[in-house]
Amino acid sequence: MVFNDKNSQKIVDIIENYARKSSLWILAYGTGCGAIELPPTVTSRYDSERLGIHFGATPRQADVLLITGYLTTKTLKRVIRVYEQMQDPKYVIGFGSCTINGGMYWDSYNTINALDRYLPVDVYINGCMPRPEAVLAGFAKLQKLIQAGKADGANKYKENLDWYRTNQKKVIPNWRMPEYNW
Amino acid sequence: MKEIKTKIIERIKSHFQDAVERDYDYNRLDFSVKKETIPSILFYLKDEMNFKHLSHITCVDWLEEKEFEVVFILWSYTDRLQVYVRTRIDRDHPVLDNIDMIWRQANTYERELKEMYGINFTGLEAPEEFLLEDWEGPPPMRRDFDTREYAARTYYTRPGREDAQDVRETIIKRTGEELPDFAKKYKR
């Protein structure tokens, strides 16, 4: 059997997307204060594992990168490296108001104000901090996007790499990072 | 507690003539000294008065008086007493004696002060950058460093935050409330 016509490709996509959305592994990497909301989210009270959401250990095994809170330029450097090591499919969730517009650290000398200038963000969860219910709602939104095939932040990043690199290098003056070729 | 405190004040004042004491809390004492006295008074407090624990070294920026005030916070486990040792140094040439031969952990605090305030400790071993990475510019915790201007220049600020500039002005605009006199002093 050969899957080369459009309709059978569609069916394959549906099955693929269903599998992807049902097993989202979060990279266990907390960048700001929001990481404290994740233990209640994955443990028995809110039990996100029933939706297939759980922690993964390394970047190469994880699907979702959660930016939990403010990002200093020092952390941004590590986050970019981690994001570029992750395998496709990969998604980014901006967590808390700090990733959206800087939050309460908007005039600080070492925190970035808008995450989507540096990494492609699929879903934003607002709040300071978002409660586990909000986190789960954000994940539900991400799952819907994945099922519809619209969570394509990784492709966006590859296509507009120059723009992202320019922004990244503007806040990280001393750029000593490996260049990946996907 | 009071007898212990008076005893400590007496002993310190007999050894260090330039020490000015201030006694304000139940278990807190405060000494202001000249900067040359710092190593000897800390040595004395540690070895003779049993203040074994250095809690912190911190700094206050007195911009108007062109001085830094470096504060050493010590704790005694036997007397359950906290002692602050303060000293003022010149803001343009901030140099102080290195004390990490008294407490090794002082090295960490001194490196932090060096990066955040630009205070030089003589003979401090600080091989590489500590908290700030790739930082070019003035020490950021000094009061004359304008963090808002720096952030506006370096980072992209998303529009729609205009009313977050000063909460008081927004309240006045929305409610017509009068600004109290003391608040006008802090107007941005």
# chains A, B, ... in the order shown; residues from 1 in each chain; ligands from 1
>>> interface_residues(of="chain A", to="chain B", cutoff="9 Å", atoms="only C-alpha atoms", output="MDAnalysis selection string")
chainID A and resid 73:74 100:102 106:114 117 170:174
>>> residues_around(residues="range 70-82 of chain B", least_positions_apart="3", cutoff="10 Å", atoms="only C-alpha atoms", output="ChimeraX atom specification")
/B:1,4-5,25-32,35,38,42,45-46,49-61,67,85-89,96,106,113,119
>>> residues_around(residues="Leu63 in chain B", least_positions_apart="4", cutoff="9 Å", atoms="only C-alpha atoms", output="list of chain:residue names")
B:Glu67, B:Phe68, B:Arg91, B:Arg142, B:Arg143, B:Asp144
>>> select_by_dssp(residues="chain B", states="strand (DSSP E)", output="mmCIF file with N, CA and C atoms, in the first residue's frame")
data_model
loop_
_atom_site.group_PDB
_atom_site.id
_atom_site.type_symbol
_atom_site.label_atom_id
_atom_site.label_comp_id
_atom_site.auth_asym_id
_atom_site.auth_seq_id
_atom_site.Cartn_x
_atom_site.Cartn_y
_atom_site.Cartn_z
ATOM 1 N N VAL B 20 31.519 53.723 66.996
ATOM 2 C CA VAL B 20 30.330 54.412 67.501
ATOM 3 C C VAL B 20 29.220 53.381 67.551
ATOM 4 N N GLU B 21 28.658 53.173 68.758
ATOM 5 C CA GLU B 21 27.681 52.099 68.854
ATOM 6 C C GLU B 21 26.270 52.637 68.752
ATOM 7 N N ARG B 22 25.367 51.779 68.336
ATOM 8 C CA ARG B 22 23.945 52.104 68.305
ATOM 9 C C ARG B 22 23.244 50.829 68.737
ATOM 10 N N ASP B 23 22.337 50.995 69.671
ATOM 11 C CA ASP B 23 21.685 49.822 70.247
ATOM 12 C C ASP B 23 20.202 49.966 69.979
ATOM 13 N N TYR B 24 19.653 49.112 69.143
ATOM 14 C CA TYR B 24 18.247 49.367 68.875
ATOM 15 C C TYR B 24 17.298 48.208 69.044
ATOM 16 N N ASP B 25 17.715 47.010 68.956
ATOM 17 C CA ASP B 25 16.691 45.981 69.011
ATOM 18 C C ASP B 25 16.991 45.051 70.161
ATOM 19 N N ARG B 28 20.109 42.941 68.856
ATOM 20 C CA ARG B 28 20.875 43.507 67.757
ATOM 21 C C ARG B 28 21.745 44.663 68.239
ATOM 22 N N LEU B 29 22.967 44.696 67.758
ATOM 23 C CA LEU B 29 23.894 45.772 68.097
ATOM 24 C C LEU B 29 24.506 46.307 66.817
ATOM 25 N N ASP B 30 24.990 47.519 66.873
ATOM 26 C CA ASP B 30 25.448 48.170 65.654
ATOM 27 C C ASP B 30 26.686 49.000 65.965
ATOM 28 N N PHE B 31 27.756 48.773 65.190
ATOM 29 C CA PHE B 31 28.967 49.570 65.377
ATOM 30 C C PHE B 31 29.359 50.212 64.064
ATOM 31 N N SER B 32 29.606 51.517 64.106
ATOM 32 C CA SER B 32 30.163 52.199 62.940
ATOM 33 C C SER B 32 31.634 52.469 63.198
ATOM 34 N N VAL B 33 32.466 52.054 62.247
ATOM 35 C CA VAL B 33 33.903 52.236 62.436
ATOM 36 C C VAL B 33 34.511 52.834 61.180
ATOM 37 N N HIS B 53 29.895 33.437 63.224
ATOM 38 C CA HIS B 53 29.162 33.271 61.962
ATOM 39 C C HIS B 53 29.028 34.601 61.221
ATOM 40 N N LEU B 54 29.531 34.633 59.991
ATOM 41 C CA LEU B 54 29.324 35.813 59.145
ATOM 42 C C LEU B 54 28.059 35.571 58.329
ATOM 43 N N SER B 55 26.990 36.311 58.646
ATOM 44 C CA SER B 55 25.742 36.081 57.930
ATOM 45 C C SER B 55 25.789 36.667 56.534
ATOM 46 N N HIS B 56 26.272 37.916 56.450
ATOM 47 C CA HIS B 56 26.198 38.566 55.154
ATOM 48 C C HIS B 56 27.103 39.788 55.118
ATOM 49 N N ILE B 57 27.493 40.153 53.916
ATOM 50 C CA ILE B 57 28.119 41.467 53.714
ATOM 51 C C ILE B 57 27.251 42.173 52.704
ATOM 52 N N THR B 58 26.805 43.359 53.038
ATOM 53 C CA THR B 58 25.952 44.061 52.098
ATOM 54 C C THR B 58 26.372 45.524 52.012
ATOM 55 N N CYS B 59 25.739 46.257 51.155
ATOM 56 C CA CYS B 59 26.180 47.617 50.867
ATOM 57 C C CYS B 59 24.976 48.535 50.714
ATOM 58 N N VAL B 60 25.128 49.761 51.200
ATOM 59 C CA VAL B 60 24.108 50.782 51.010
ATOM 60 C C VAL B 60 24.742 51.909 50.212
ATOM 61 N N ASP B 61 24.052 52.356 49.189
ATOM 62 C CA ASP B 61 24.596 53.397 48.327
ATOM 63 C C ASP B 61 24.051 54.748 48.775
ATOM 64 N N TRP B 62 24.911 55.547 49.415
ATOM 65 C CA TRP B 62 24.505 56.909 49.787
ATOM 66 C C TRP B 62 24.973 57.836 48.675
ATOM 67 N N GLU B 67 29.043 58.297 49.110
ATOM 68 C CA GLU B 67 29.694 57.282 49.923
ATOM 69 C C GLU B 67 28.969 55.947 49.778
ATOM 70 N N PHE B 68 29.734 54.871 49.948
ATOM 71 C CA PHE B 68 29.138 53.548 50.113
ATOM 72 C C PHE B 68 29.234 53.173 51.581
ATOM 73 N N GLU B 69 28.182 52.547 52.082
ATOM 74 C CA GLU B 69 28.241 52.020 53.444
ATOM 75 C C GLU B 69 28.237 50.501 53.345
ATOM 76 N N VAL B 70 29.346 49.888 53.721
ATOM 77 C CA VAL B 70 29.439 48.426 53.684
ATOM 78 C C VAL B 70 29.098 47.898 55.064
ATOM 79 N N VAL B 71 28.198 46.931 55.118
ATOM 80 C CA VAL B 71 27.700 46.408 56.386
ATOM 81 C C VAL B 71 28.073 44.931 56.498
ATOM 82 N N PHE B 72 28.747 44.599 57.593
ATOM 83 C CA PHE B 72 29.080 43.199 57.880
ATOM 84 C C PHE B 72 28.133 42.719 58.969
ATOM 85 N N ILE B 73 27.426 41.640 58.735
ATOM 86 C CA ILE B 73 26.447 41.141 59.698
ATOM 87 C C ILE B 73 26.971 39.848 60.305
ATOM 88 N N LEU B 74 27.160 39.868 61.616
ATOM 89 C CA LEU B 74 27.711 38.716 62.333
ATOM 90 C C LEU B 74 26.681 38.173 63.319
ATOM 91 N N TRP B 75 26.848 36.923 63.678
ATOM 92 C CA TRP B 75 25.909 36.290 64.600
ATOM 93 C C TRP B 75 26.700 35.460 65.599
ATOM 94 N N SER B 76 26.282 35.559 66.856
ATOM 95 C CA SER B 76 26.916 34.765 67.897
ATOM 96 C C SER B 76 25.954 33.671 68.342
ATOM 97 N N LEU B 81 23.112 36.818 69.576
ATOM 98 C CA LEU B 81 23.140 38.262 69.356
ATOM 99 C C LEU B 81 23.680 38.546 67.959
ATOM 100 N N GLN B 82 23.075 39.526 67.334
ATOM 101 C CA GLN B 82 23.508 39.915 65.992
ATOM 102 C C GLN B 82 24.256 41.237 66.064
ATOM 103 N N VAL B 83 25.387 41.301 65.384
ATOM 104 C CA VAL B 83 26.158 42.546 65.386
ATOM 105 C C VAL B 83 26.353 43.027 63.962
ATOM 106 N N TYR B 84 26.042 44.305 63.756
ATOM 107 C CA TYR B 84 26.285 44.938 62.466
ATOM 108 C C TYR B 84 27.533 45.790 62.594
ATOM 109 N N VAL B 85 28.467 45.608 61.675
ATOM 110 C CA VAL B 85 29.642 46.478 61.662
ATOM 111 C C VAL B 85 29.585 47.276 60.372
ATOM 112 N N ARG B 86 29.479 48.587 60.529
ATOM 113 C CA ARG B 86 29.329 49.434 59.338
ATOM 114 C C ARG B 86 30.575 50.252 59.116
ATOM 115 N N THR B 87 30.829 50.533 57.844
ATOM 116 C CA THR B 87 31.915 51.460 57.522
ATOM 117 C C THR B 87 31.553 52.215 56.263
ATOM 118 N N ARG B 88 32.033 53.459 56.207
ATOM 119 C CA ARG B 88 31.762 54.287 55.025
ATOM 120 C C ARG B 88 33.024 54.377 54.184
ATOM 121 N N ILE B 89 32.878 54.193 52.861
ATOM 122 C CA ILE B 89 34.029 54.372 51.981
ATOM 123 C C ILE B 89 33.663 55.329 50.857
ATOM 124 N N ASP B 90 34.702 55.877 50.256
ATOM 125 C CA ASP B 90 34.510 56.858 49.195
ATOM 126 C C ASP B 90 33.862 56.189 47.989
ATOM 127 N N VAL B 95 37.519 51.238 47.820
ATOM 128 C CA VAL B 95 38.502 50.188 48.113
ATOM 129 C C VAL B 95 38.344 49.793 49.575
ATOM 130 N N LEU B 96 38.369 48.493 49.831
ATOM 131 C CA LEU B 96 38.222 47.994 51.190
ATOM 132 C C LEU B 96 39.138 46.791 51.352
ATOM 133 N N ASP B 97 39.514 46.494 52.619
ATOM 134 C CA ASP B 97 40.387 45.342 52.849
ATOM 135 C C ASP B 97 39.614 44.045 52.667
ATOM 136 N N ASN B 120 36.164 47.474 45.149
ATOM 137 C CA ASN B 120 37.363 46.653 44.993
ATOM 138 C C ASN B 120 37.861 46.226 46.362
ATOM 139 N N PHE B 121 38.062 44.934 46.529
ATOM 140 C CA PHE B 121 38.658 44.418 47.753
ATOM 141 C C PHE B 121 40.097 44.067 47.435
ATOM 142 N N THR B 122 41.037 44.577 48.252
ATOM 143 C CA THR B 122 42.450 44.405 47.907
ATOM 144 C C THR B 122 42.831 42.937 48.037
#
>>> residues_around(residues="range 141-144 of chain A", least_positions_apart="5", cutoff="10 Å", atoms="only C-alpha atoms", output="list in words")
Asn17, Tyr18, Arg20, Lys21, Ser22, Ser23, Leu24, Leu51, Val64, Tyr91, Val92, Ile93, Asp122, Val123, Tyr124, Ile125, Val135, Leu136, Gly149, Lys150 and Ala151 of chain A
>>> write_last_selection(atoms="N, CA and C atoms", output="JSON list (two decimals), in the first residue's frame")
[["chain", "number", "residue", "atom", "x", "y", "z"],
["A", 17, "ASN", "N", -1.02, 13.18, 14.60],
["A", 17, "ASN", "CA", -1.29, 14.28, 15.52],
["A", 17, "ASN", "C", -1.95, 13.78, 16.79],
["A", 18, "TYR", "N", -2.83, 12.78, 16.65],
["A", 18, "TYR", "CA", -3.47, 12.21, 17.84],
["A", 18, "TYR", "C", -2.42, 11.62, 18.77],
["A", 20, "ARG", "N", 0.72, 12.45, 18.90],
["A", 20, "ARG", "CA", 1.57, 13.51, 19.45],
["A", 20, "ARG", "C", 0.91, 14.23, 20.60],
["A", 21, "LYS", "N", -0.39, 14.53, 20.42],
["A", 21, "LYS", "CA", -1.05, 15.32, 21.47],
["A", 21, "LYS", "C", -1.32, 14.48, 22.71],
["A", 22, "SER", "N", -1.37, 13.16, 22.57],
["A", 22, "SER", "CA", -1.71, 12.34, 23.72],
["A", 22, "SER", "C", -0.50, 12.00, 24.58],
["A", 23, "SER", "N", 0.66, 12.36, 24.14],
["A", 23, "SER", "CA", 1.83, 12.06, 24.95],
["A", 23, "SER", "C", 2.77, 13.24, 24.89],
["A", 24, "LEU", "N", 2.49, 14.25, 25.74],
["A", 24, "LEU", "CA", 3.34, 15.44, 25.78],
["A", 24, "LEU", "C", 4.30, 15.32, 26.96],
["A", 51, "LEU", "N", -3.94, 13.14, 31.10],
["A", 51, "LEU", "CA", -4.00, 13.74, 29.77],
["A", 51, "LEU", "C", -2.73, 13.44, 28.96],
["A", 64, "VAL", "N", 7.75, 19.34, 25.04],
["A", 64, "VAL", "CA", 7.29, 20.68, 25.40],
["A", 64, "VAL", "C", 8.35, 21.36, 26.25],
["A", 91, "TYR", "N", 7.37, 21.99, 21.13],
["A", 91, "TYR", "CA", 6.46, 23.11, 21.36],
["A", 91, "TYR", "C", 6.97, 23.93, 22.53],
["A", 92, "VAL", "N", 6.65, 25.22, 22.51],
["A", 92, "VAL", "CA", 7.05, 26.11, 23.60],
["A", 92, "VAL", "C", 5.79, 26.71, 24.22],
["A", 93, "ILE", "N", 5.71, 26.66, 25.53],
["A", 93, "ILE", "CA", 4.61, 27.32, 26.23],
["A", 93, "ILE", "C", 5.21, 28.42, 27.09],
["A", 122, "ASP", "N", 4.07, 28.73, 21.13],
["A", 122, "ASP", "CA", 2.81, 28.19, 20.62],
["A", 122, "ASP", "C", 1.63, 28.64, 21.47],
["A", 123, "VAL", "N", 1.77, 28.56, 22.78],
["A", 123, "VAL", "CA", 0.67, 28.92, 23.67],
["A", 123, "VAL", "C", 1.22, 29.78, 24.80],
["A", 124, "TYR", "N", 0.49, 30.85, 25.11],
["A", 124, "TYR", "CA", 0.79, 31.65, 26.30],
["A", 124, "TYR", "C", -0.24, 31.34, 27.38],
["A", 125, "ILE", "N", 0.22, 31.21, 28.60],
["A", 125, "ILE", "CA", -0.70, 31.11, 29.72],
["A", 125, "ILE", "C", -0.48, 32.35, 30.57],
["A", 135, "VAL", "N", -2.87, 26.09, 33.93],
["A", 135, "VAL", "CA", -1.83, 25.36, 33.22],
["A", 135, "VAL", "C", -2.47, 24.25, 32.39],
["A", 136, "LEU", "N", -3.43, 23.53, 33.02],
["A", 136, "LEU", "CA", -4.08, 22.45, 32.28],
["A", 136, "LEU", "C", -4.89, 23.01, 31.12],
["A", 149, "GLY", "N", -3.07, 20.54, 13.66],
["A", 149, "GLY", "CA", -1.86, 20.72, 12.88],
["A", 149, "GLY", "C", -1.37, 22.15, 12.82],
["A", 150, "LYS", "N", -1.75, 22.97, 13.81],
["A", 150, "LYS", "CA", -1.40, 24.39, 13.76],
["A", 150, "LYS", "C", -0.24, 24.76, 14.69],
["A", 151, "ALA", "N", 0.19, 23.82, 15.51],
["A", 151, "ALA", "CA", 1.29, 24.14, 16.44],
["A", 151, "ALA", "C", 2.61, 23.93, 15.73]]
>>> atom_distance(atom1="CA of Thr75 in chain A", atom2="CA of Leu115 in chain A")
12.2 Å
>>> atom_distance(atom1="CA of Trp175 in chain A", atom2="CA of Leu76 in chain A")
11.8 Å
>>> residues_around(residues="Pro132 in chain A", least_positions_apart="2", cutoff="12 Å", atoms="only C-alpha atoms", output="ChimeraX atom specification")
/A:34-48,95-96,125-130,134-139
>>> write_last_selection(atoms="C-alpha atoms", output="mmCIF file, in the first residue's frame")
data_model
loop_
_atom_site.group_PDB
_atom_site.id
_atom_site.type_symbol
_atom_site.label_atom_id
_atom_site.label_comp_id
_atom_site.auth_asym_id
_atom_site.auth_seq_id
_atom_site.Cartn_x
_atom_site.Cartn_y
_atom_site.Cartn_z
ATOM 1 C CA GLY A 34 6.497 29.421 38.011
ATOM 2 C CA ALA A 35 8.161 26.034 38.240
ATOM 3 C CA ILE A 36 6.603 25.713 41.679
ATOM 4 C CA GLU A 37 3.160 25.347 40.057
ATOM 5 C CA LEU A 38 4.215 22.243 38.169
ATOM 6 C CA PRO A 39 4.530 19.708 41.009
ATOM 7 C CA PRO A 40 0.831 20.117 41.943
ATOM 8 C CA THR A 41 -0.047 19.951 38.257
ATOM 9 C CA VAL A 42 1.564 16.582 37.678
ATOM 10 C CA THR A 43 0.925 14.994 41.062
ATOM 11 C CA SER A 44 -2.260 13.447 42.404
ATOM 12 C CA ARG A 45 -4.399 16.551 42.950
ATOM 13 C CA TYR A 46 -4.541 17.753 39.333
ATOM 14 C CA ASP A 47 -2.950 14.642 37.858
ATOM 15 C CA SER A 48 -1.990 15.824 34.405
ATOM 16 C CA PHE A 95 4.059 30.623 31.306
ATOM 17 C CA GLY A 96 3.044 33.654 33.344
ATOM 18 C CA ILE A 125 -0.700 31.108 29.721
ATOM 19 C CA ASN A 126 -1.261 34.398 31.526
ATOM 20 C CA GLY A 127 -1.410 35.003 35.231
ATOM 21 C CA CYS A 128 1.104 35.679 37.940
ATOM 22 C CA MET A 129 1.356 32.814 38.675
ATOM 23 C CA PRO A 130 -1.136 30.740 36.674
ATOM 24 C CA ALA A 134 -4.862 27.469 34.059
ATOM 25 C CA VAL A 135 -1.834 25.358 33.217
ATOM 26 C CA LEU A 136 -4.083 22.451 32.283
ATOM 27 C CA ALA A 137 -6.275 24.790 30.218
ATOM 28 C CA GLY A 138 -3.155 25.930 28.385
ATOM 29 C CA PHE A 139 -2.182 22.355 27.685
#
>>> atom_distance(atom1="CA of Glu36 in chain B", atom2="CA of Lys7 in chain B")
23.8 Å
>>> decode(residues="range 97-119 of chain B", atoms="N, CA and C atoms", output="tab-separated table (two decimals), in the first residue's frame")
chain	number	residue	atom	x	y	z
B	97	ASP	N	39.51	46.49	52.62
B	97	ASP	CA	40.39	45.34	52.85
B	97	ASP	C	39.61	44.04	52.67
B	98	ASN	N	40.31	43.10	52.05
B	98	ASN	CA	39.72	41.78	51.84
B	98	ASN	C	39.73	41.01	53.17
B	99	ILE	N	38.62	40.38	53.53
B	99	ILE	CA	38.58	39.68	54.81
B	99	ILE	C	38.34	38.19	54.63
B	100	ASP	N	38.63	37.64	53.44
B	100	ASP	CA	38.30	36.22	53.30
B	100	ASP	C	39.31	35.29	53.96
B	101	MET	N	40.34	35.86	54.63
B	101	MET	CA	41.16	34.99	55.46
B	101	MET	C	40.53	34.83	56.84
B	102	ILE	N	39.57	35.67	57.17
B	102	ILE	CA	38.86	35.51	58.45
B	102	ILE	C	37.70	34.53	58.29
B	103	TRP	N	36.86	34.80	57.30
B	103	TRP	CA	35.81	33.86	56.96
B	103	TRP	C	35.96	33.55	55.47
B	104	ARG	N	36.04	32.29	55.11
B	104	ARG	CA	36.23	31.98	53.70
B	104	ARG	C	35.01	32.33	52.87
B	105	GLN	N	33.81	32.25	53.48
B	105	GLN	CA	32.62	32.54	52.69
B	105	GLN	C	32.50	34.01	52.34
B	106	ALA	N	33.31	34.86	52.97
B	106	ALA	CA	33.29	36.28	52.63
B	106	ALA	C	33.67	36.50	51.18
B	107	ASN	N	34.44	35.57	50.63
B	107	ASN	CA	34.85	35.66	49.23
B	107	ASN	C	33.65	35.77	48.31
B	108	THR	N	32.61	34.97	48.57
B	108	THR	CA	31.40	34.99	47.74
B	108	THR	C	30.73	36.36	47.78
B	109	TYR	N	30.55	36.88	49.02
B	109	TYR	CA	29.87	38.17	49.16
B	109	TYR	C	30.68	39.30	48.54
B	110	GLU	N	32.02	39.19	48.68
B	110	GLU	CA	32.86	40.25	48.13
B	110	GLU	C	32.82	40.25	46.61
B	111	ARG	N	32.77	39.06	46.03
B	111	ARG	CA	32.65	39.01	44.57
B	111	ARG	C	31.32	39.60	44.12
B	112	GLU	N	30.27	39.33	44.89
B	112	GLU	CA	28.98	39.91	44.54
B	112	GLU	C	29.02	41.43	44.62
B	113	LEU	N	29.62	41.96	45.71
B	113	LEU	CA	29.70	43.41	45.85
B	113	LEU	C	30.55	44.02	44.74
B	114	LYS	N	31.58	43.28	44.33
B	114	LYS	CA	32.44	43.80	43.28
B	114	LYS	C	31.67	43.96	41.98
B	115	GLU	N	30.81	42.99	41.69
B	115	GLU	CA	30.05	43.08	40.44
B	115	GLU	C	28.90	44.05	40.52
B	116	MET	N	28.20	44.03	41.66
B	116	MET	CA	26.97	44.80	41.74
B	116	MET	C	27.20	46.27	42.09
B	117	TYR	N	28.29	46.57	42.85
B	117	TYR	CA	28.56	47.95	43.25
B	117	TYR	C	29.91	48.46	42.76
B	118	GLY	N	30.76	47.57	42.28
B	118	GLY	CA	32.08	48.01	41.83
B	118	GLY	C	33.04	48.29	42.96
B	119	ILE	N	32.86	47.66	44.12
B	119	ILE	CA	33.78	47.86	45.23
B	119	ILE	C	34.97	46.93	45.06
